[in-house]
Amino acid sequence: MEEKRWESCNAEALLEEFFSQDNLRQLALSTGELLGCPLLVLDDTFHGAAHHLPLGFSDALFETAVRCGEISYEAGAIISKNAMLTAGWADYVQLADSPLSAAFCTSHQRGRAPRLPHLRGYGRTFEKIPPQTWELVEHILSKQLFMEVSRQDKPSETVEDILMHLLDGGFSSAAHFQLQASGIYLADFHPRAFALIDLETYHSAYMGKRHLKEELEAQIADSHPFLYKGDVFLFLHREGDGDIFSELAEEFQLKILISAPIDDLFTLPQLYRTAREALELMRDARFHGEAVCSAQQLRTPLLLKNLEGRGDLIPIALRRLAAHDREKDTQYCETRYHYLTCCHSLKKTSDALYTHRNTVLYRIRRLQEDFAIPLEEPSQHADLLLGVSLILLEIKGPDFFCARRKMKHKTGAIMRRSDRKG
């Protein structure tokens, strides 16, 4: 009997429903009944467009998404980062706070035209539904959603759509973006910076993982948070906006990256690229720095990261020095780095190494006499500093290059208007 029910859920039945129903909500209801499981249709900004909730079905996470009109940050991050889903295939995942696994399938073409949904099914038996059926369901509901949006007397793209399109590099010129942004708040929107929040270790004691969004909207005015490529993207306007992140990072186990100042919204794609790379650096297993960092703070390790693995660029004398450090557990590479960055100041070098001045003097003498490192030759400084920095990135990781200052000072420097050009 069960097998026959799945066999009856075929192309003809689904297509018949599509041609007989000109209403997305009714079509989602009929489709959910045909599939025999709860169904949630999401647009590309993860907001609910329609759903099917069978009588007797109970799941707090699903019901919260229906009630709030959008899925949680956690579920949105799963969609954005899942390799199968981003390739356009269905996949089954287990979500926290739900005893049931969920099936997702997605048309991974961000909603320019047509605007295609993500589908989310819940239950214990939908694994029996063949992939071709999921694909057909997706196409049918996508077309219905697109037709309904096209009939409305308002733009098919939301503000989040436009911002995502901008971040994707989809606008050919600033004038094109300004035309699209006219008539909405983006036309006169001047945030100081933006922040990216990594959800990889996101934890909350609140059902449905919705409390973080409420906290962001309540504590940072006009931040307009939304999910983009698995991270939370939000705007910052006031000098003190960055100060609240330390508490949020601790409460929700977050990693947060604050961008460089924004001069023009059209430059967001360039700023985002740097911010995303910096956040990836914070995800590095060797990174043990603060949970809240700025792009400016991580600029040096980011530059070095792009040269990682290029041992051929490191002078042979420095490679021998690094081998000696590893074999004898000495600190000649670190001494070399700090001596250069401290402009040959013995006091500053000693302070940076937490080492007595005489010990630093001894190391410098050995660097010159035993390892033939030309410390006093200005023309060699750039080459040697780059080489020893690449060595320290490999040995110490990105932490070594991060300024050890309180976040209050870091964010204050980022958010001041005086940091802006011109």
# chains A, B, ... in the order shown; residues from 1 in each chain; ligands from 1

call {"tool": "residues_around", "arguments": {"residues": "Arg299 in chain A", "least_positions_apart": "5", "cutoff": "10 Å", "atoms": "only C-alpha atoms", "output": "JSON, numbers by chain"}}
result
{"A": [274, 275, 277, 278, 294, 304, 305, 401, 402]}

call {"tool": "write_last_selection", "arguments": {"atoms": "N, CA and C atoms", "output": "mmCIF file, in the first residue's frame"}}
result
data_model
loop_
_atom_site.group_PDB
_atom_site.id
_atom_site.type_symbol
_atom_site.label_atom_id
_atom_site.label_comp_id
_atom_site.auth_asym_id
_atom_site.auth_seq_id
_atom_site.Cartn_x
_atom_site.Cartn_y
_atom_site.Cartn_z
ATOM 1 N N THR A 274 37.299 41.193 1.048
ATOM 2 C CA THR A 274 38.315 41.249 2.090
ATOM 3 C C THR A 274 37.761 40.748 3.422
ATOM 4 N N ALA A 275 36.532 41.171 3.740
ATOM 5 C CA ALA A 275 35.928 40.757 5.009
ATOM 6 C C ALA A 275 35.706 39.252 5.048
ATOM 7 N N GLU A 277 37.386 36.933 3.404
ATOM 8 C CA GLU A 277 38.691 36.277 3.537
ATOM 9 C C GLU A 277 39.204 36.391 4.974
ATOM 10 N N ALA A 278 38.954 37.534 5.601
ATOM 11 C CA ALA A 278 39.378 37.709 6.990
ATOM 12 C C ALA A 278 38.606 36.776 7.917
ATOM 13 N N SER A 294 38.702 42.986 13.351
ATOM 14 C CA SER A 294 38.437 43.897 12.249
ATOM 15 C C SER A 294 39.271 43.496 11.045
ATOM 16 N N LEU A 304 49.796 37.888 3.787
ATOM 17 C CA LEU A 304 50.710 36.755 3.829
ATOM 18 C C LEU A 304 50.017 35.461 3.427
ATOM 19 N N LYS A 305 48.725 35.344 3.783
ATOM 20 C CA LYS A 305 47.966 34.137 3.452
ATOM 21 C C LYS A 305 47.945 33.896 1.950
ATOM 22 N N PHE A 401 50.359 37.768 14.077
ATOM 23 C CA PHE A 401 50.371 39.096 13.474
ATOM 24 C C PHE A 401 49.207 39.969 13.928
ATOM 25 N N CYS A 402 48.361 39.448 14.795
ATOM 26 C CA CYS A 402 47.191 40.198 15.249
ATOM 27 C C CYS A 402 47.563 41.084 16.427
#

call {"tool": "closest_atom_pairs", "arguments": {"of": "range 280-339 of chain A", "to": "range 367-385 of chain A", "cutoff": "8 Å", "atoms": "only C-alpha atoms", "output": "JSON lines"}}
result
{"residue": "A:Ile314", "atom": "CA", "partner": "A:Leu384", "partner_atom": "CA", "distance": 7.9}
{"residue": "A:Pro315", "atom": "CA", "partner": "A:Leu384", "partner_atom": "CA", "distance": 7.3}
{"residue": "A:Ala317", "atom": "CA", "partner": "A:Phe371", "partner_atom": "CA", "distance": 6.9}
{"residue": "A:Leu318", "atom": "CA", "partner": "A:Leu384", "partner_atom": "CA", "distance": 7.6}
{"residue": "A:Leu321", "atom": "CA", "partner": "A:Phe371", "partner_atom": "CA", "distance": 7.0}
{"residue": "A:Tyr332", "atom": "CA", "partner": "A:Leu367", "partner_atom": "CA", "distance": 7.4}
{"residue": "A:Tyr337", "atom": "CA", "partner": "A:Leu385", "partner_atom": "CA", "distance": 6.3}

call {"tool": "atom_distance", "arguments": {"atom1": "CA of Phe245 in chain A", "atom2": "CA of Phe194 in chain A"}}
result
12.3 Å

call {"tool": "closest_atom_pairs", "arguments": {"of": "range 234-263 of chain A", "to": "range 218-228 of chain A", "cutoff": "10 Å", "atoms": "only C-alpha atoms", "output": "JSON lines"}}
result
{"residue": "A:Leu234", "atom": "CA", "partner": "A:Pro225", "partner_atom": "CA", "distance": 4.3}
{"residue": "A:Phe235", "atom": "CA", "partner": "A:Ser223", "partner_atom": "CA", "distance": 4.5}
{"residue": "A:Leu236", "atom": "CA", "partner": "A:Ser223", "partner_atom": "CA", "distance": 5.9}
{"residue": "A:His237", "atom": "CA", "partner": "A:Ser223", "partner_atom": "CA", "distance": 7.7}
{"residue": "A:Arg238", "atom": "CA", "partner": "A:Ile220", "partner_atom": "CA", "distance": 8.7}
{"residue": "A:Gly240", "atom": "CA", "partner": "A:Ile220", "partner_atom": "CA", "distance": 9.4}
{"residue": "A:Asp241", "atom": "CA", "partner": "A:Ile220", "partner_atom": "CA", "distance": 6.3}
{"residue": "A:Gly242", "atom": "CA", "partner": "A:Ile220", "partner_atom": "CA", "distance": 9.0}
{"residue": "A:Ile244", "atom": "CA", "partner": "A:Gln219", "partner_atom": "CA", "distance": 7.9}
{"residue": "A:Phe245", "atom": "CA", "partner": "A:Gln219", "partner_atom": "CA", "distance": 9.9}

call {"tool": "write_last_selection", "arguments": {"atoms": "C-alpha atoms", "output": "PDB file, in the first residue's frame"}}
result
ATOM      1  CA  LEU A 234      24.514  43.484   8.972  1.00  0.00           C
ATOM      2  CA  PHE A 235      25.260  47.208   8.793  1.00  0.00           C
ATOM      3  CA  LEU A 236      26.812  49.404  11.486  1.00  0.00           C
ATOM      4  CA  HIS A 237      26.049  53.105  11.816  1.00  0.00           C
ATOM      5  CA  ARG A 238      27.322  54.458  15.123  1.00  0.00           C
ATOM      6  CA  GLY A 240      29.681  52.307  19.547  1.00  0.00           C
ATOM      7  CA  ASP A 241      27.894  49.666  17.457  1.00  0.00           C
ATOM      8  CA  GLY A 242      30.916  47.395  17.452  1.00  0.00           C
ATOM      9  CA  ILE A 244      28.306  45.095  21.823  1.00  0.00           C
ATOM     10  CA  PHE A 245      29.764  42.265  19.736  1.00  0.00           C
TER      11      PHE A 245
END

call {"tool": "closest_residue", "arguments": {"among": "A:Lys347, A:Arg286, A:Arg319, A:His176", "to": "Phe400 in chain A", "atoms": "only C-alpha atoms"}}
result
A:Arg286

call {"tool": "atom_distance", "arguments": {"atom1": "CA of Gly169 in chain A", "atom2": "CA of Leu265 in chain A"}}
result
12.1 Å

call {"tool": "closest_residue", "arguments": {"among": "A:Leu313, A:Ala295, A:Val137, A:Ile391", "to": "Arg336 in chain A", "atoms": "only C-alpha atoms"}}
result
A:Ile391

call {"tool": "select_by_dssp", "arguments": {"residues": "range 46-87 of chain A", "states": "helix (DSSP H, G or I)", "output": "MDAnalysis selection string"}}
result
chainID A and resid 60:68 73:81 83:86

call {"tool": "residues_around", "arguments": {"residues": "Asp231 in chain A", "least_positions_apart": "3", "cutoff": "9 Å", "atoms": "only C-alpha atoms", "output": "JSON, numbers by chain"}}
result
{"A": [73, 76, 77, 80, 196, 197, 198, 199, 200, 226, 227, 228]}

call {"tool": "closest_residue", "arguments": {"among": "A:Arg283, A:Cys293, A:Arg276, A:Leu39", "to": "Leu257 in chain A", "atoms": "only C-alpha atoms"}}
result
A:Cys293
